[in-house]
Amino acid sequence: MKKNLLVSTGILLLSSMIMVSCTGKKPGISEAKELNGAGATFPKVLYEKYFDQYYQQKQVQVNYQAVGSGAGINTLIEKTIDFGATDAPMKADEEEKAGSSVIHIPTSLGAVVLTYNLDGNPKLKLNATVISGIFLGTITKWNDPLLQQLNPEVNLPSADIAVIHRSDGSGTTYTFTEYLTKADPNWKKALGTGKTVNWPVGLGGKGNDGVAGLLMQTPYSIGYVELIYATQNNLPYALVQNKTGHFVEPTMESVSKAADTTLPDDLKVSITDTNAAEGYPISTFTWIILYREQRYNNRDIAKAKAAYNLLWWMIHEGQEINETLQFGRLPDLAVQKAERLIQQITFDGKALP
Amino acid sequence: MRKLKNLIMTGLLALATLICLLPLLLLLYYVIKMGISSINLDFFLNNPKPMGEAGGGMLNSIIGTIIVLAMASLIGIPIGLVTGIYLAENKGTKLAEWVRLATEVLVGIPSIVIGILVYGWLVKSMKTFSAFSGSIALTIIMIPILARSTEEVLLMVPHTLKEAAYALGASRWKTQWMIVMKTAMGGIVSAILSSIGRIAGETAPLLFTAFGNQFFSTKLFRPISTLPIQIFTYARSPNIVQNRMAWAGSLLLVGMVLVLNMSAKWIGYVVLKRRNK
Amino acid sequence: MKSDKLFKIVLLLFGVLILAFSVGIFLQLFSGAWKSIQQNGILFLIKQVWDPNQEIYGALPFLVGTLVTALLSVIFSLPLSIGSSLFLNEYIKGGWSVIISSMIDLLASIPSVVYGLWGLFVLVPYIRIVENWLFQNARLIPLFNSEPYGVGILSATVILLIMILPYSISVIKEVLKMVPNDIKEAGYALGANKWEVLQKIVLPYIKSGIFAGVGLSLGRALGETMAVTMVIGNRNALPASLFDPANTLASVIANEFYEASSTLHVSSLIYLALVLFVFSFLINFMMRLILKRINAGMIRK
């Protein structure tokens with residue numbers, strides 16, 4: 001009799017442990033009903049859908065406002081929001097300001113594309129040298145020999161190129177400039193990487209939408225935007241030559257392929273200028289950032305649980321949504337490492353029960 | 001010659017009016033054209049839906065706007081009016097000169113700077129974005145505008161009326177209320193409505209105070225959505241359906257202010273009629 | 001009387017409150033800007049380069065952008081707002097006047113982001129056409145000697161002009177309504193025609209109201225952010241002509257503040273806000289002095 005009891009208790013315990021690790025949900029303690037997040041505009045469309053679904057499934061209101069990667073980081077540092085979202089991982093001095101350690105959980109992959117306003121919407125091929133030259137102002141005309149060379153079948157006009165960049169600080173700019181810094185020594189010397197740089201030429205648009213708007217209004221212009229802004233507005237975008245010499249079209253597949261590389265445990269990795277043969281070179285992860293130690297201000301354990309559950313959902317069930325909105329799915333390796341990161345979340349030093 | 005000048009000037013003045021009206025008409029036409037197709041029952045009864053899903057609306061923002069504006073007006077109107085009265089009553093004094101200058105400078109502060117300041121004062125200390133901090137930001141914008149307009153209107157009340165009241169033995173306080181305010185009531189109501197209309201359309205100071213919320217909320221100390229914030233968010237979306245909703249929202253906002261103005265004018269008309277009986 | 005004393009005290013309290021509040025804002029801005037003030041000093045105002053990556057900051061391009069767009073728009077708004085207020089109040093009767101003025105009032109409540117969008121999609125293409133024509137035909141005038149993008153100083157000025165009109169119009173209209181009829185009658189009795197009565201009697205009478213209207217307009221023009229940022233082109237450099245893209249103090253603050261992470265960057269942006277605050281103060285102060293001079297002159301007459 002006793003032995004049976006022991007065995008059945010053991011089985012019960014084992015199965016509940018298995019169930020727990022499968023769902024990642026911590027039974028017993030309830031979670032908070034509201035969370036506030038701020039950050040990147042890049043994944044805004046995706047997160048909108050995520051959080052709407054999440055509300056329908058779990059009745060937890062996750063309020064996300066796309067105020068920019070930098071603002072997401074700053075408001076997290078100032079602890080006025082529960083989590084941030086950024087396309088550019090936090091820098092050393094930002095982490096220092098945060099005080100306690102911040103974990104970066106990637107949620108999806110996106111592409112920064114070169115879009116332009118030319119008659120006939122030709123499909124252009126570009127490389128780092130040419131892109132860098134255009135945005136530095138050294139290549140000024142559309143029919144410049146370097147451009148014509150890459151696009152022999154296209155009748156490029158002799159008009160001046162109107163450059164459009166971002167006026168506000170942005171993760172999109174960060175990704176774009178990081179790619180150019182890695183792939184073109186001229187760019188590295190002149191401007192480098194940053195959420196904002198001292199653009200020598202061009203007009204500034206506010207947000208991805210501002211750039212798209214200006215572009216549609218300005219003939220012979222070129223700009224960089226997140227893929228979905230180009231597709232939604234029916235704007236043409238270029239193939240970009242990657243490190244292995246292939247001209248790659250930005251798609252979900254080529255973006256995911258760009259992430260087919262070694263990933264560090266903290267997942268703060270840049271995948272621009274990727275080595276992958278068919279990877280699109282201007283791709284990036286986008287991350288959710290939050291404090292590992294969730295006890296600060298007057299937060300309670302329910303809030304910590306809510307954040308935990310949300311992140312777990314985002315890297316699992318949420319991923320089904322990614323491709324419907326042209327965002328790349330996280331590769332399996334990234335999901336595994338992300339799970340480990342999420343499990344590091346603590347409240348008062350203790351792992352969540 | 002003088003007759004000719006009169007005629008020419010009349011024509012020029014009419015032209016000026018036309019030039020002022022023209023952009024309004026163009027704008028309204030554009031807003032209506034872009035937004036009318038998205039004004040339907042869903043728009044008023046539903047909360048926002050993600051891109052690609054039909055049936056989204058701006059219910060939460062409509063309610064949010066009303067809540068935030070009401071709170072801001074509750075605090076801002078009395079302070080603005082009293083400051084305006086102060087300026088009018090003490091026109092000559094050195095102190096009033098400085099106060100007037102201060103009000104004018106306050107008008108010139110970009111609304112975003114007000115937002116930044118309120119973020120530092122309230123949001124950081126409360127450790128959360130809230131409808132309350134949004135209202136405070138709007139109040140700060142409202143007060144100097146209302147104060148200056150009120151002052152100007154009050155100054156136009158003829159001295160003779162005030163003198164007559166004092167001659168009859170009325171105190172300054174009584175004079176102020178009974179005579180001056182009554183005479184200036186029309187102008188003051190207009191000034192109040194103008195200032196409400198002004199803050200109704202503000203976005204920048206609300207972004208980092210009220211923050212915005214895709215969900216329905218009436219809590220004062222939690223993030224809340226307002227029409228301008230939602231318009232701003234939708235305008236920036238890559239999705240054309242959401243862009244059109246932004247225009248619909250603008251149409252609604254302008255409509256709300258119009259209704260506010262019209263009803264106040266109507267009330268004023270009724271009150272005047274009743275008094276004149 | 002006791003109620004009088006109470007009345008006076010309450011009024012005084014509120015007046016002082018406003019004054020204290022503005023001083024408080026000034027101090028807050030000053031302390032926030034302190035790091036940048038230490039670094040850059042007053043030369044900040046004439047430094048031309050704004051490069052957050054290199055941590056080099058200078059306010060001149062934005063100062064010029066703000067002053068040019070604000071002052072130009074206010075100057076052009078004067079004849080328009082005075083003109084239409086006069087017309088609406090003196091030449092049109094009752095119903096129509098109320099309708100048209102209510103419509104103009106509506107302009108004030110249109111969200112700036114809507115102005116920005118309309119500006120970008122409707123106004124800018126027209127302005128580009130005008131700019132193109134001027135560029136082809138009047139290029140010798142340095143004001144018109146730049147690549148006509150459409151977005152730039154000119155577009156920003158026009159959009160500001162439209163946005164600030166309702167402010168001055170609403171104030172001027174209200175004070176016009178309160179001009180006592182007898183002084184107008186006196187003018188007519190002396191044989192003056194309508195325009196002369198308006199020009200010589202009414203306008204001087206409402207001088208203070210006009211200045212108030214200008215003050216409110218100027219305030220809005222200096223501080224307007226959203227609409228300007230969408231049509232000014234956002235180039236952090238000194239504009240050489242009306243067609244050049246540029247940037248204003250308010251616009252660059254809006255663009256960069258929430259993203260800025262380095263202390264010097266944040267501090268420099270607050271320094272820009274402080275500069276705007278101080279310039280706004282100086283301009284208003286000068287306007288006060290001018291008004292005083294005009295008043296004194298009138299009395300002497």
# chains A, B, ... in the order shown; residues from 1 in each chain; ligands from 1
call {"tool": "interface_residues", "arguments": {"of": "chain A", "to": "chain B", "cutoff": "9 Å", "atoms": "only C-alpha atoms", "output": "ChimeraX atom specification"}}
result
/A:36,44-52,61-67,78-81,207-210,212,228-233,297
call {"tool": "interface_residues", "arguments": {"of": "chain A", "to": "chain C", "cutoff": "9 Å", "atoms": "only C-alpha atoms", "output": "PyMOL selection string"}}
result
chain A and resi 67-75+93-94+162+166-170+191-206+210+213-214+217-218
call {"tool": "select_by_dssp", "arguments": {"residues": "region 260-339 of chain A", "states": "alpha helix (DSSP H)", "output": "VMD selection string"}}
result
chain A and resid 301 to 315 319 to 322 332 to 339
call {"tool": "closest_residue", "arguments": {"among": "C:Phe44, C:Tyr271, C:Phe30, C:Tyr167", "to": "chain B", "atoms": "only C-alpha atoms"}}
result
C:Tyr167
call {"tool": "closest_atom_pairs", "arguments": {"of": "region 4-65 of chain B", "to": "region 78-97 of chain C", "cutoff": "7 Å", "atoms": "only C-alpha atoms", "output": "JSON lines"}}
result
{"residue": "B:Leu13", "atom": "CA", "partner": "C:Gly83", "partner_atom": "CA", "distance": 4.8}
{"residue": "B:Ala14", "atom": "CA", "partner": "C:Phe87", "partner_atom": "CA", "distance": 6.1}
{"residue": "B:Ala16", "atom": "CA", "partner": "C:Leu80", "partner_atom": "CA", "distance": 5.0}
{"residue": "B:Thr17", "atom": "CA", "partner": "C:Ser84", "partner_atom": "CA", "distance": 4.2}
{"residue": "B:Cys20", "atom": "CA", "partner": "C:Leu80", "partner_atom": "CA", "distance": 6.9}
call {"tool": "residues_around", "arguments": {"residues": "Tyr86 (chain B)", "least_positions_apart": "2", "cutoff": "12 Å", "atoms": "only C-alpha atoms", "output": "PyMOL selection string"}}
result
(chain B and resi 79-84+88-93+95-97+99-100+147-148+150-152+154-155+173+176) or (chain C and resi 7-18)
call {"tool": "atom_distance", "arguments": {"atom1": "CA of Gln230 (chain B)", "atom2": "CA of Tyr54 (chain A)"}}
result
20.8 Å
call {"tool": "closest_residue", "arguments": {"among": "C:Pro204, C:Gly213, C:Pro239, C:Gly223", "to": "Met287 (chain C)", "atoms": "only C-alpha atoms"}}
result
C:Gly213
call {"tool": "closest_residue", "arguments": {"among": "C:Ala20, C:Leu27, C:Ile162, C:Ile153", "to": "Leu24 (chain B)", "atoms": "only C-alpha atoms"}}
result
C:Ile162
call {"tool": "closest_atom_pairs", "arguments": {"of": "region 24-94 of chain B", "to": "region 241-245 of chain B", "cutoff": "12 Å", "atoms": "only C-alpha atoms", "output": "Markdown table"}}
result
| residue | atom | partner | partner_atom | distance |
| --- | --- | --- | --- | --- |
| B:Tyr30 | CA | B:Arg244 | CA | 11.3 |
| B:Val31 | CA | B:Arg244 | CA | 9.3 |
| B:Ile32 | CA | B:Arg244 | CA | 10.2 |
| B:Lys33 | CA | B:Arg244 | CA | 9.6 |
| B:Met34 | CA | B:Arg244 | CA | 6.0 |
| B:Gly35 | CA | B:Arg244 | CA | 5.4 |
| B:Ile36 | CA | B:Arg244 | CA | 8.5 |
| B:Ser37 | CA | B:Arg244 | CA | 7.9 |
| B:Ser38 | CA | B:Met245 | CA | 5.8 |
| B:Ile39 | CA | B:Met245 | CA | 7.9 |
| B:Asn40 | CA | B:Met245 | CA | 10.4 |
| B:Asp42 | CA | B:Met245 | CA | 11.1 |
| B:Phe43 | CA | B:Met245 | CA | 8.3 |
| B:Phe44 | CA | B:Met245 | CA | 11.3 |
| B:Pro48 | CA | B:Gln242 | CA | 9.5 |
| B:Lys49 | CA | B:Gln242 | CA | 9.5 |
| B:Pro50 | CA | B:Gln242 | CA | 9.1 |
| B:Met51 | CA | B:Gln242 | CA | 7.2 |
| B:Gly52 | CA | B:Val241 | CA | 8.1 |
| B:Glu53 | CA | B:Val241 | CA | 9.6 |
| B:Ala54 | CA | B:Val241 | CA | 9.0 |
| B:Gly55 | CA | B:Val241 | CA | 10.5 |
| B:Gly56 | CA | B:Met245 | CA | 8.8 |
| B:Gly57 | CA | B:Met245 | CA | 8.0 |
| B:Met58 | CA | B:Met245 | CA | 8.6 |
call {"tool": "select_by_dssp", "arguments": {"residues": "region 120-242 of chain A", "states": "strand (DSSP E)", "output": "short mmCIF file (atom, residue, chain, number, x, y, z; two decimals) with N, CA and C atoms, in the first residue's frame"}}
result
data_model
loop_
_atom_site.label_atom_id
_atom_site.label_comp_id
_atom_site.auth_asym_id
_atom_site.auth_seq_id
_atom_site.Cartn_x
_atom_site.Cartn_y
_atom_site.Cartn_z
N LYS A 125 20.10 46.82 -57.94
CA LYS A 125 21.06 46.06 -57.16
C LYS A 125 22.05 47.06 -56.57
N LEU A 126 22.31 46.92 -55.27
CA LEU A 126 23.24 47.84 -54.64
C LEU A 126 24.27 47.08 -53.82
N ALA A 162 18.23 62.43 -54.26
CA ALA A 162 17.78 63.09 -53.04
C ALA A 162 17.83 62.06 -51.92
N VAL A 163 18.72 62.28 -50.99
CA VAL A 163 18.92 61.31 -49.90
C VAL A 163 17.92 61.58 -48.78
N ILE A 164 17.32 60.52 -48.26
CA ILE A 164 16.43 60.70 -47.11
C ILE A 164 16.90 59.79 -45.98
N HIS A 165 17.09 60.37 -44.83
CA HIS A 165 17.52 59.59 -43.67
C HIS A 165 16.56 59.89 -42.52
N ARG A 166 16.89 59.36 -41.32
CA ARG A 166 16.04 59.59 -40.18
C ARG A 166 16.45 60.88 -39.47
N LEU A 203 17.61 64.86 -46.50
CA LEU A 203 16.50 65.34 -45.69
C LEU A 203 16.23 64.34 -44.58
N GLY A 204 15.68 64.83 -43.49
CA GLY A 204 15.39 63.94 -42.38
C GLY A 204 13.90 63.72 -42.22
N GLY A 205 13.49 62.48 -42.13
CA GLY A 205 12.08 62.18 -41.87
C GLY A 205 11.95 61.60 -40.48
N SER A 221 14.38 60.17 -55.05
CA SER A 221 14.92 60.04 -53.70
C SER A 221 15.23 58.60 -53.37
N ILE A 222 16.05 58.43 -52.33
CA ILE A 222 16.36 57.11 -51.82
C ILE A 222 16.41 57.18 -50.30
N GLY A 223 15.93 56.12 -49.65
CA GLY A 223 15.95 56.12 -48.20
C GLY A 223 16.01 54.70 -47.68
N TYR A 224 16.15 54.56 -46.33
CA TYR A 224 16.18 53.23 -45.74
C TYR A 224 15.02 53.11 -44.75
N VAL A 225 14.28 52.02 -44.87
CA VAL A 225 13.15 51.79 -43.96
C VAL A 225 13.05 50.32 -43.63
N GLU A 226 12.25 50.03 -42.61
CA GLU A 226 11.95 48.66 -42.26
C GLU A 226 11.11 48.07 -43.39
N LEU A 239 17.98 44.90 -54.08
CA LEU A 239 18.76 43.74 -53.64
C LEU A 239 20.11 44.27 -53.20
N VAL A 240 20.62 43.71 -52.12
CA VAL A 240 21.90 44.19 -51.63
C VAL A 240 22.91 43.05 -51.67
N GLN A 241 24.12 43.39 -52.09
CA GLN A 241 25.15 42.36 -52.19
C GLN A 241 25.70 42.04 -50.82
#
call {"tool": "closest_residue", "arguments": {"among": "C:Glu174, C:Glu147, C:Glu131, C:Glu185", "to": "chain B", "atoms": "only C-alpha atoms"}}
result
C:Glu174
call {"tool": "residues_around", "arguments": {"residues": "Asp332 (chain A)", "least_positions_apart": "5", "cutoff": "12 Å", "atoms": "only C-alpha atoms", "output": "PyMOL selection string"}}
result
chain A and resi 106-108+256+259-263+315-316+319+337-339
call {"tool": "write_last_selection", "arguments": {"atoms": "C-alpha atoms", "output": "compact mmCIF listing (two decimals), in the first residue's frame"}}
result
# COMPACT_ATOMS: atom_id res chain seq x y z
CA PRO A 106 15.15 38.54 -29.03
CA THR A 107 11.65 38.18 -30.39
CA SER A 108 12.05 38.31 -34.13
CA SER A 256 16.32 34.18 -41.06
CA ALA A 259 20.82 34.64 -38.26
CA ASP A 260 22.26 31.21 -39.07
CA THR A 261 25.41 31.90 -37.16
CA THR A 262 26.95 31.36 -33.74
CA LEU A 263 24.95 33.05 -31.02
CA ILE A 315 9.32 33.22 -28.03
CA HIS A 316 7.02 30.23 -28.40
CA GLN A 319 6.47 33.05 -33.19
CA LYS A 337 19.15 30.42 -25.35
CA ALA A 338 16.28 32.82 -24.83
CA GLU A 339 14.49 30.30 -22.63
call {"tool": "residues_around", "arguments": {"residues": "region 279-289 of chain A", "least_positions_apart": "4", "cutoff": "7 Å", "atoms": "only C-alpha atoms", "output": "number ranges by chain"}}
result
A: 83-87, 102-112, 175-176, 179, 242, 248-250, 254-255, 257-258, 270-274
call {"tool": "closest_residue", "arguments": {"among": "A:Phe347, A:Trp313, A:Phe42, A:Tyr237", "to": "Tyr174 (chain A)", "atoms": "only C-alpha atoms"}}
result
A:Phe42
call {"tool": "closest_residue", "arguments": {"among": "B:Tyr29, B:Trp98, B:Trp266, B:Trp177", "to": "chain C", "atoms": "only C-alpha atoms"}}
result
B:Trp98
call {"tool": "residues_around", "arguments": {"residues": "Ile110 (chain C)", "least_positions_apart": "6", "cutoff": "12 Å", "atoms": "only C-alpha atoms", "output": "ChimeraX atom specification"}}
result
/B:23-24,27-28,31,194,196-203,227-228,231,247,249-258 /C:103-104,116-118,162-164,166,226-227
call {"tool": "write_last_selection", "arguments": {"atoms": "C-alpha atoms", "output": "CSV table (one decimal), in the first residue's frame"}}
result
chain,number,residue,atom,x,y,z
B,23,PRO,CA,-6.4,76.8,-45.8
B,24,LEU,CA,-9.1,75.8,-43.4
B,27,LEU,CA,-7.7,71.1,-44.8
B,28,LEU,CA,-11.2,70.2,-43.9
B,31,VAL,CA,-9.5,65.5,-43.7
B,194,SER,CA,-10.3,78.7,-27.6
B,196,ILE,CA,-9.7,74.1,-24.6
B,197,GLY,CA,-9.7,73.7,-28.4
B,198,ARG,CA,-6.0,74.4,-28.3
B,199,ILE,CA,-5.1,71.7,-25.9
B,200,ALA,CA,-7.6,69.3,-27.4
B,201,GLY,CA,-5.2,68.8,-30.3
B,202,GLU,CA,-2.0,68.5,-28.4
B,203,THR,CA,0.1,65.4,-28.9
B,227,LEU,CA,-7.4,61.1,-29.8
B,228,PRO,CA,-4.3,63.0,-30.7
B,231,ILE,CA,-4.0,59.8,-34.5
B,247,TRP,CA,-7.8,61.0,-40.6
B,249,GLY,CA,-9.9,60.5,-35.8
B,250,SER,CA,-8.8,64.0,-36.8
B,251,LEU,CA,-12.3,64.6,-38.3
B,252,LEU,CA,-13.8,63.4,-35.1
B,253,LEU,CA,-11.6,65.7,-33.0
B,254,VAL,CA,-12.4,68.7,-35.0
B,255,GLY,CA,-16.1,67.8,-34.9
B,256,MET,CA,-15.9,67.5,-31.1
B,257,VAL,CA,-14.4,70.9,-30.7
B,258,LEU,CA,-16.9,72.4,-33.1
C,103,MET,CA,-14.7,78.1,-38.6
C,104,ILE,CA,-11.4,80.0,-38.3
C,116,GLY,CA,2.0,68.1,-40.5
C,117,LEU,CA,0.5,65.3,-42.6
C,118,TRP,CA,-1.6,67.7,-44.7
C,162,ILE,CA,-1.8,78.9,-41.2
C,163,MET,CA,-1.5,77.6,-37.6
C,164,ILE,CA,-1.0,80.9,-35.8
C,166,PRO,CA,-6.6,81.7,-35.3
C,226,MET,CA,5.0,68.4,-34.8
C,227,ALA,CA,3.9,70.2,-37.9
